[in-house]
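Peer 1: Here you go, this is model_3.cif (mmCIF, C-alpha atoms, pLDDT in the B column; chains and numbers go by the auth columns).
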data_data
loop_
_atom_site.group_PDB
_atom_site.id
_atom_site.type_symbol
_atom_site.label_atom_id
_atom_site.label_comp_id
_atom_site.label_asym_id
_atom_site.label_seq_id
_atom_site.Cartn_x
_atom_site.Cartn_y
_atom_site.Cartn_z
_atom_site.B_iso_or_equiv
_atom_site.auth_seq_id
_atom_site.auth_asym_id
ATOM 1 C CA MET A 1 68.909 -43.929 -14.411 45.00 4 A
ATOM 2 C CA MET A 2 71.010 -42.296 -11.734 52.00 5 A
ATOM 3 C CA LYS A 3 74.039 -43.985 -10.284 64.00 6 A
ATOM 4 C CA LEU A 4 74.364 -44.399 -6.525 66.00 7 A
ATOM 5 C CA LEU A 5 77.844 -43.913 -5.103 63.00 8 A
ATOM 6 C CA VAL A 6 78.244 -45.919 -1.901 68.00 9 A
ATOM 7 C CA ASN A 7 80.409 -44.908 1.040 64.00 10 A
ATOM 8 C CA GLY A 8 81.785 -48.237 2.238 64.00 11 A
ATOM 9 C CA ASP A 9 81.787 -51.790 0.975 68.00 12 A
ATOM 10 C CA THR A 10 78.035 -52.380 0.475 67.00 13 A
ATOM 11 C CA ASP A 11 77.074 -53.782 -2.936 72.00 14 A
ATOM 12 C CA SER A 12 75.747 -50.784 -4.916 78.00 15 A
ATOM 13 C CA ALA A 13 73.254 -52.980 -6.817 82.00 16 A
ATOM 14 C CA LYS A 14 71.777 -54.202 -3.525 83.00 17 A
ATOM 15 C CA LEU A 15 71.627 -50.629 -2.265 84.00 18 A
ATOM 16 C CA ALA A 16 69.897 -49.408 -5.438 85.00 19 A
ATOM 17 C CA GLU A 17 67.373 -52.254 -5.156 88.00 20 A
ATOM 18 C CA SER A 18 66.550 -51.302 -1.554 90.00 21 A
ATOM 19 C CA VAL A 19 66.213 -47.594 -2.385 91.00 22 A
ATOM 20 C CA GLN A 20 63.942 -48.311 -5.356 91.00 23 A
ATOM 21 C CA ARG A 21 61.838 -50.694 -3.258 92.00 24 A
ATOM 22 C CA MET A 22 61.416 -48.003 -0.622 93.00 25 A
ATOM 23 C CA PHE A 23 60.314 -45.429 -3.204 94.00 26 A
ATOM 24 C CA SER A 24 57.873 -47.923 -4.731 93.00 27 A
ATOM 25 C CA GLU A 25 56.348 -49.369 -1.559 94.00 28 A
ATOM 26 C CA GLN A 26 55.857 -46.260 0.556 94.00 29 A
ATOM 27 C CA LEU A 27 53.454 -43.453 -0.335 95.00 30 A
ATOM 28 C CA THR A 28 54.416 -40.806 2.205 96.00 31 A
ATOM 29 C CA GLY A 29 57.459 -39.283 3.791 96.00 32 A
ATOM 30 C CA ALA A 30 58.310 -36.686 6.429 97.00 33 A
ATOM 31 C CA LEU A 31 59.738 -33.502 4.928 96.00 34 A
ATOM 32 C CA GLY A 32 61.976 -31.382 7.147 95.00 35 A
ATOM 33 C CA THR A 33 62.541 -27.703 6.361 94.00 36 A
ATOM 34 C CA THR A 34 64.110 -24.748 8.139 91.00 37 A
ATOM 35 C CA GLY A 35 62.764 -21.253 7.838 80.00 38 A
ATOM 36 C CA GLU A 36 62.334 -18.033 9.726 79.00 39 A
ATOM 37 C CA GLY A 37 60.059 -19.792 12.225 78.00 40 A
ATOM 38 C CA GLY A 38 62.622 -22.516 12.913 82.00 41 A
ATOM 39 C CA PRO A 39 62.544 -26.193 11.911 89.00 42 A
ATOM 40 C CA ASN A 40 59.351 -27.735 10.591 90.00 43 A
ATOM 41 C CA VAL A 41 58.294 -31.268 9.671 94.00 44 A
ATOM 42 C CA CYS A 42 55.281 -32.196 7.577 94.00 45 A
ATOM 43 C CA THR A 43 53.958 -35.316 5.881 95.00 46 A
ATOM 44 C CA ILE A 44 53.894 -35.419 2.080 96.00 47 A
ATOM 45 C CA TYR A 45 52.566 -37.829 -0.501 96.00 48 A
ATOM 46 C CA TYR A 46 55.298 -38.173 -3.108 96.00 49 A
ATOM 47 C CA ALA A 47 56.026 -39.621 -6.511 96.00 50 A
ATOM 48 C CA HIS A 48 59.502 -40.646 -7.645 94.00 51 A
ATOM 49 C CA ASN A 49 60.407 -40.314 -11.315 88.00 52 A
ATOM 50 C CA LYS A 50 63.546 -39.663 -13.349 77.00 53 A
ATOM 51 C CA GLY A 51 65.689 -39.258 -10.244 81.00 54 A
ATOM 52 C CA PHE A 52 63.454 -36.688 -8.565 93.00 55 A
ATOM 53 C CA ILE A 53 60.825 -36.681 -5.843 96.00 56 A
ATOM 54 C CA TRP A 54 57.690 -34.688 -6.703 96.00 57 A
ATOM 55 C CA PHE A 55 54.984 -33.423 -4.351 96.00 58 A
ATOM 56 C CA THR A 56 52.373 -30.697 -4.143 94.00 59 A
ATOM 57 C CA SER A 57 51.287 -28.453 -1.323 93.00 60 A
ATOM 58 C CA GLN A 58 49.241 -25.339 -0.750 89.00 61 A
ATOM 59 C CA GLU A 59 51.306 -22.213 -1.261 83.00 62 A
ATOM 60 C CA ALA A 60 50.495 -20.729 2.140 82.00 63 A
ATOM 61 C CA THR A 61 51.954 -23.631 4.133 87.00 64 A
ATOM 62 C CA ARG A 62 54.892 -23.109 6.450 90.00 65 A
ATOM 63 C CA HIS A 63 57.045 -25.696 4.655 90.00 66 A
ATOM 64 C CA VAL A 64 56.570 -24.107 1.201 89.00 67 A
ATOM 65 C CA SER A 65 57.504 -20.734 2.670 88.00 68 A
ATOM 66 C CA ALA A 66 60.531 -22.337 4.348 90.00 69 A
ATOM 67 C CA LEU A 67 61.837 -24.086 1.229 91.00 70 A
ATOM 68 C CA ARG A 68 61.574 -20.807 -0.661 89.00 71 A
ATOM 69 C CA HIS A 69 63.817 -19.335 2.048 90.00 72 A
ATOM 70 C CA ASP A 70 66.243 -22.303 2.235 93.00 73 A
ATOM 71 C CA PRO A 71 65.908 -24.979 -0.447 95.00 74 A
ATOM 72 C CA THR A 72 67.991 -27.591 1.403 95.00 75 A
ATOM 73 C CA VAL A 73 65.515 -30.042 2.927 96.00 76 A
ATOM 74 C CA ALA A 74 65.483 -33.470 4.528 96.00 77 A
ATOM 75 C CA LEU A 75 63.116 -36.282 3.607 97.00 78 A
ATOM 76 C CA CYS A 76 62.620 -39.411 5.672 97.00 79 A
ATOM 77 C CA ILE A 77 60.736 -42.405 4.262 97.00 80 A
ATOM 78 C CA TRP A 78 60.269 -45.581 6.255 95.00 81 A
ATOM 79 C CA GLN A 79 58.317 -48.755 6.618 93.00 82 A
ATOM 80 C CA ARG A 80 56.560 -48.925 9.952 92.00 83 A
ATOM 81 C CA PRO A 81 57.754 -51.992 11.895 89.00 84 A
ATOM 82 C CA GLU A 82 55.091 -54.341 13.241 89.00 85 A
ATOM 83 C CA VAL A 83 56.608 -54.462 16.730 94.00 86 A
ATOM 84 C CA TRP A 84 59.667 -53.159 18.530 93.00 87 A
ATOM 85 C CA GLY A 85 62.695 -55.188 17.509 89.00 88 A
ATOM 86 C CA SER A 86 61.453 -55.948 13.994 92.00 89 A
ATOM 87 C CA ALA A 87 63.826 -55.349 11.094 91.00 90 A
ATOM 88 C CA LEU A 88 64.086 -51.653 10.237 92.00 91 A
ATOM 89 C CA PHE A 89 63.714 -50.327 6.701 93.00 92 A
ATOM 90 C CA GLY A 90 64.178 -46.591 6.258 94.00 93 A
ATOM 91 C CA LEU A 91 65.705 -43.919 4.096 96.00 94 A
ATOM 92 C CA GLN A 92 66.996 -40.501 5.188 96.00 95 A
ATOM 93 C CA LEU A 93 67.642 -38.103 2.323 95.00 96 A
ATOM 94 C CA THR A 94 69.196 -34.694 1.855 95.00 97 A
ATOM 95 C CA CYS A 95 67.630 -32.886 -1.093 95.00 98 A
ATOM 96 C CA VAL A 96 67.451 -29.523 -2.803 96.00 99 A
ATOM 97 C CA ALA A 97 63.886 -28.296 -3.315 96.00 100 A
ATOM 98 C CA THR A 98 62.792 -26.313 -6.348 94.00 101 A
ATOM 99 C CA GLU A 99 59.352 -24.862 -6.762 93.00 102 A
ATOM 100 C CA VAL A 100 58.376 -25.737 -10.329 93.00 103 A
ATOM 101 C CA VAL A 101 57.535 -22.765 -12.558 91.00 104 A
ATOM 102 C CA ASP A 102 58.420 -24.198 -15.976 90.00 105 A
ATOM 103 C CA GLU A 103 55.687 -26.013 -17.928 91.00 106 A
ATOM 104 C CA SER A 104 57.952 -28.839 -19.137 92.00 107 A
ATOM 105 C CA ASP A 105 59.075 -29.580 -15.563 92.00 108 A
ATOM 106 C CA ALA A 106 55.481 -29.293 -14.402 93.00 109 A
ATOM 107 C CA ARG A 107 54.422 -31.865 -16.994 94.00 110 A
ATOM 108 C CA LEU A 108 57.058 -34.323 -15.704 94.00 111 A
ATOM 109 C CA GLY A 109 55.925 -33.782 -12.127 94.00 112 A
ATOM 110 C CA LEU A 110 52.211 -34.028 -12.868 94.00 113 A
ATOM 111 C CA ASP A 111 52.749 -37.138 -15.000 94.00 114 A
ATOM 112 C CA ALA A 112 54.597 -38.771 -12.094 95.00 115 A
ATOM 113 C CA LEU A 113 51.893 -37.785 -9.595 95.00 116 A
ATOM 114 C CA HIS A 114 49.051 -38.842 -11.926 95.00 117 A
ATOM 115 C CA ALA A 115 50.695 -42.241 -12.502 95.00 118 A
ATOM 116 C CA ARG A 116 51.174 -42.881 -8.796 96.00 119 A
ATOM 117 C CA PHE A 117 47.998 -41.275 -7.467 95.00 120 A
ATOM 118 C CA PRO A 118 45.173 -41.450 -10.049 95.00 121 A
ATOM 119 C CA GLY A 119 43.006 -39.163 -7.900 93.00 122 A
ATOM 120 C CA THR A 120 45.339 -36.272 -8.718 91.00 123 A
ATOM 121 C CA ARG A 121 44.000 -36.348 -12.274 91.00 124 A
ATOM 122 C CA THR A 122 40.840 -34.829 -10.816 91.00 125 A
ATOM 123 C CA SER A 123 42.359 -32.539 -8.178 89.00 126 A
ATOM 124 C CA LEU A 124 45.270 -31.373 -10.393 87.00 127 A
ATOM 125 C CA PRO A 125 43.998 -31.983 -13.921 86.00 128 A
ATOM 126 C CA GLU A 126 45.976 -29.373 -15.865 86.00 129 A
ATOM 127 C CA LEU A 127 49.298 -27.555 -15.857 88.00 130 A
ATOM 128 C CA SER A 128 47.476 -24.368 -14.839 87.00 131 A
ATOM 129 C CA SER A 129 46.744 -26.093 -11.520 86.00 132 A
ATOM 130 C CA VAL A 130 50.433 -25.820 -10.594 89.00 133 A
ATOM 131 C CA VAL A 131 52.018 -23.286 -12.997 86.00 134 A
ATOM 132 C CA GLY A 132 51.125 -19.694 -13.811 79.00 135 A
ATOM 133 C CA ARG A 133 49.073 -16.940 -12.256 76.00 136 A
ATOM 134 C CA SER A 134 45.897 -18.977 -11.742 73.00 137 A
ATOM 135 C CA ARG A 135 47.619 -21.824 -9.906 79.00 138 A
ATOM 136 C CA LYS A 136 46.300 -22.850 -6.533 79.00 139 A
ATOM 137 C CA THR A 137 48.946 -25.381 -5.603 90.00 140 A
ATOM 138 C CA ALA A 138 52.754 -25.376 -5.478 91.00 141 A
ATOM 139 C CA LEU A 139 54.470 -28.251 -7.287 94.00 142 A
ATOM 140 C CA VAL A 140 57.869 -29.028 -5.773 95.00 143 A
ATOM 141 C CA ARG A 141 60.718 -31.092 -7.194 96.00 144 A
ATOM 142 C CA LEU A 142 63.303 -32.530 -4.832 96.00 145 A
ATOM 143 C CA GLU A 143 66.718 -33.222 -6.318 94.00 146 A
ATOM 144 C CA LEU A 144 68.221 -36.115 -4.400 93.00 147 A
ATOM 145 C CA LYS A 145 71.758 -35.382 -3.169 92.00 148 A
ATOM 146 C CA GLU A 146 72.731 -37.924 -0.518 92.00 149 A
ATOM 147 C CA GLY A 147 71.188 -40.379 1.833 92.00 150 A
ATOM 148 C CA VAL A 148 71.437 -43.009 4.521 92.00 151 A
ATOM 149 C CA LEU A 149 69.658 -46.341 4.176 92.00 152 A
ATOM 150 C CA ILE A 150 68.886 -48.965 6.773 92.00 153 A
ATOM 151 C CA ASP A 151 67.440 -52.192 5.372 91.00 154 A
ATOM 152 C CA GLU A 152 68.074 -54.808 8.032 91.00 155 A
ATOM 153 C CA SER A 153 66.272 -57.597 6.138 90.00 156 A
ATOM 154 C CA ASN A 154 68.428 -57.112 3.053 85.00 157 A
ATOM 155 C CA LEU A 155 71.713 -55.648 4.337 84.00 158 A
ATOM 156 C CA GLY A 156 71.978 -56.945 7.913 85.00 159 A
ATOM 157 C CA ALA A 157 71.164 -55.718 11.403 88.00 160 A
ATOM 158 C CA ARG A 158 72.324 -52.223 12.344 86.00 161 A
ATOM 159 C CA THR A 159 73.828 -51.639 8.904 84.00 162 A
ATOM 160 C CA PHE A 160 73.503 -47.988 7.948 89.00 163 A
ATOM 161 C CA VAL A 161 74.743 -47.256 4.420 87.00 164 A
ATOM 162 C CA SER A 162 75.654 -43.718 3.349 87.00 165 A
ATOM 163 C CA PHE A 163 75.480 -42.883 -0.344 86.00 166 A
ATOM 164 C CA ARG A 164 75.097 -40.034 -2.798 83.00 167 A
ATOM 165 C CA TRP A 165 73.637 -39.677 -6.254 81.00 168 A
ATOM 166 C CA ASP A 166 75.923 -39.199 -9.217 74.00 169 A
ATOM 167 C CA ARG A 167 74.039 -37.332 -11.921 67.00 170 A
#
Translate this file's structure into structure tokens.
Peer 2:
Amino acid sequence: MMKLLVNGDTDSAKLAESVQRMFSEQLTGALGTTGEGGPNVCTIYYAHNKGFIWFTSQEATRHVSALRHDPTVALCIWQRPEVWGSALFGLQLTCVATEVVDESDARLGLDALHARFPGTRTSLPELSSVVGRSRKTALVRLELKEGVLIDESNLGARTFVSFRWDR
């Protein structure tokens, strides 16, 4: 388990609980990349496991090309409020993206995706789906570096907590 280092006086156990709840409850996030064509944002389905975020994408997409050019990316995950003024719950992350080429890393990523999204067992059944010459899909691992959390229900209104991961 990774340790969260908090900037400020927020209880780190409460912070870790909120971050884990966010990862567990939400299925998608907005991935921000920068490349030769400028900034880009796309929606990803993700799985969180062993301190990493895993996702897949087609190799020809603009965001895969961009993260190959500059692996520093942003990921935003949030719970949509019911109405304006409702308590906000969101996570803004800075990550380093790595396109997975190693079979052992690919197994970790596929296991995480298969556990979270059973349908991927059909669409990405084998390692060759994401590793090697015959692959059709890029598997990407995001190493979590730092983040900002807002969890107004748990931490109070307008409380933004900055933190980083200690590996």
Peer 1: Rounded to one decimal, what separation in Å do you get between CA of Glu146 (chain A) and CA of Thr97 (chain A)?
Peer 2: 8.7 Å
Peer 1: To test your reading of the syntax: which residues would the PyMOL selection byres ((chain A and resi 123) around 12) return for the file shown? Reply as a count of residues only.
Peer 2: 26
Peer 1: How close does region 20-44 of chain A get to region 69-74 of chain A? List, as JSON lines, each residue of region 20-44 of chain A within 12 Å, its nearest atom pair and the distance in Å to one decimal, counting only C-alpha atoms.
Peer 2:
{"residue": "A:Leu34", "atom": "CA", "partner": "A:Leu70", "partner_atom": "CA", "distance": 10.3}
{"residue": "A:Gly35", "atom": "CA", "partner": "A:Leu70", "partner_atom": "CA", "distance": 9.4}
{"residue": "A:Thr36", "atom": "CA", "partner": "A:Ala69", "partner_atom": "CA", "distance": 6.1}
{"residue": "A:Thr37", "atom": "CA", "partner": "A:Ala69", "partner_atom": "CA", "distance": 5.7}
{"residue": "A:Gly38", "atom": "CA", "partner": "A:Ala69", "partner_atom": "CA", "distance": 4.3}
{"residue": "A:Glu39", "atom": "CA", "partner": "A:Ala69", "partner_atom": "CA", "distance": 7.1}
{"residue": "A:Gly40", "atom": "CA", "partner": "A:Ala69", "partner_atom": "CA", "distance": 8.3}
{"residue": "A:Gly41", "atom": "CA", "partner": "A:Ala69", "partner_atom": "CA", "distance": 8.8}
{"residue": "A:Pro42", "atom": "CA", "partner": "A:Ala69", "partner_atom": "CA", "distance": 8.7}
{"residue": "A:Asn43", "atom": "CA", "partner": "A:Ala69", "partner_atom": "CA", "distance": 8.3}
{"residue": "A:Val44", "atom": "CA", "partner": "A:Ala69", "partner_atom": "CA", "distance": 10.6}
Peer 1: Using all atoms listed in the file, which residue out of A:Arg83, A:Asp105, A:Ile56, A:Ala77 lies closest to Val151 (chain A)?
Peer 2: A:Ala77
Peer 1: Report as a CSV table (one decimal) with C-alpha atoms, in the frame of the given file the full result of the PyMOL selection byres ((chain A and resi 144) around 6) when it is applied to this structure.
Peer 2:
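File written: out-v4.csv
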chain,number,residue,atom,x,y,z
A,56,ILE,CA,60.8,-36.7,-5.8
A,57,TRP,CA,57.7,-34.7,-6.7
A,100,ALA,CA,63.9,-28.3,-3.3
A,101,THR,CA,62.8,-26.3,-6.3
A,143,VAL,CA,57.9,-29.0,-5.8
A,145,LEU,CA,63.3,-32.5,-4.8
Peer 1: Figure out the distance between CA of Leu147 (chain A) and CA of Ser165 (chain A), please, to one decimal in Å.
Peer 2: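 Separating CA of Ser165 (chain A) from CA of Leu147 (chain A) is a distance of 13.2 Å.
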Peer 1: Which residue out of A:Val104, A:Ala109, A:Ile80, A:Ala160 has the minimum interatomic distance to Glu28 (chain A) when all atoms listed in the file are used?
Peer 2: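 Using all atoms listed in the file, the shortest distance to Glu28 (chain A) belongs to A:Ile80.
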Peer 1: Please measure the separation of CA of Glu102 (chain A) and CA of Ile153 (chain A), giving the value in Å to one decimal.
Peer 2: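 According to the coordinates, CA of Glu102 (chain A) and CA of Ile153 (chain A) are separated by 29.2 Å.
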Peer 1: Check the smallest atom-to-atom distance from each of A:Ala33, A:Phe26, A:Leu96, A:Lys17 to Gly159 (chain A) using all atoms listed in the file, then report the winner.
Peer 2: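 Of all the options, A:Lys17 lies closest to Gly159 (chain A).
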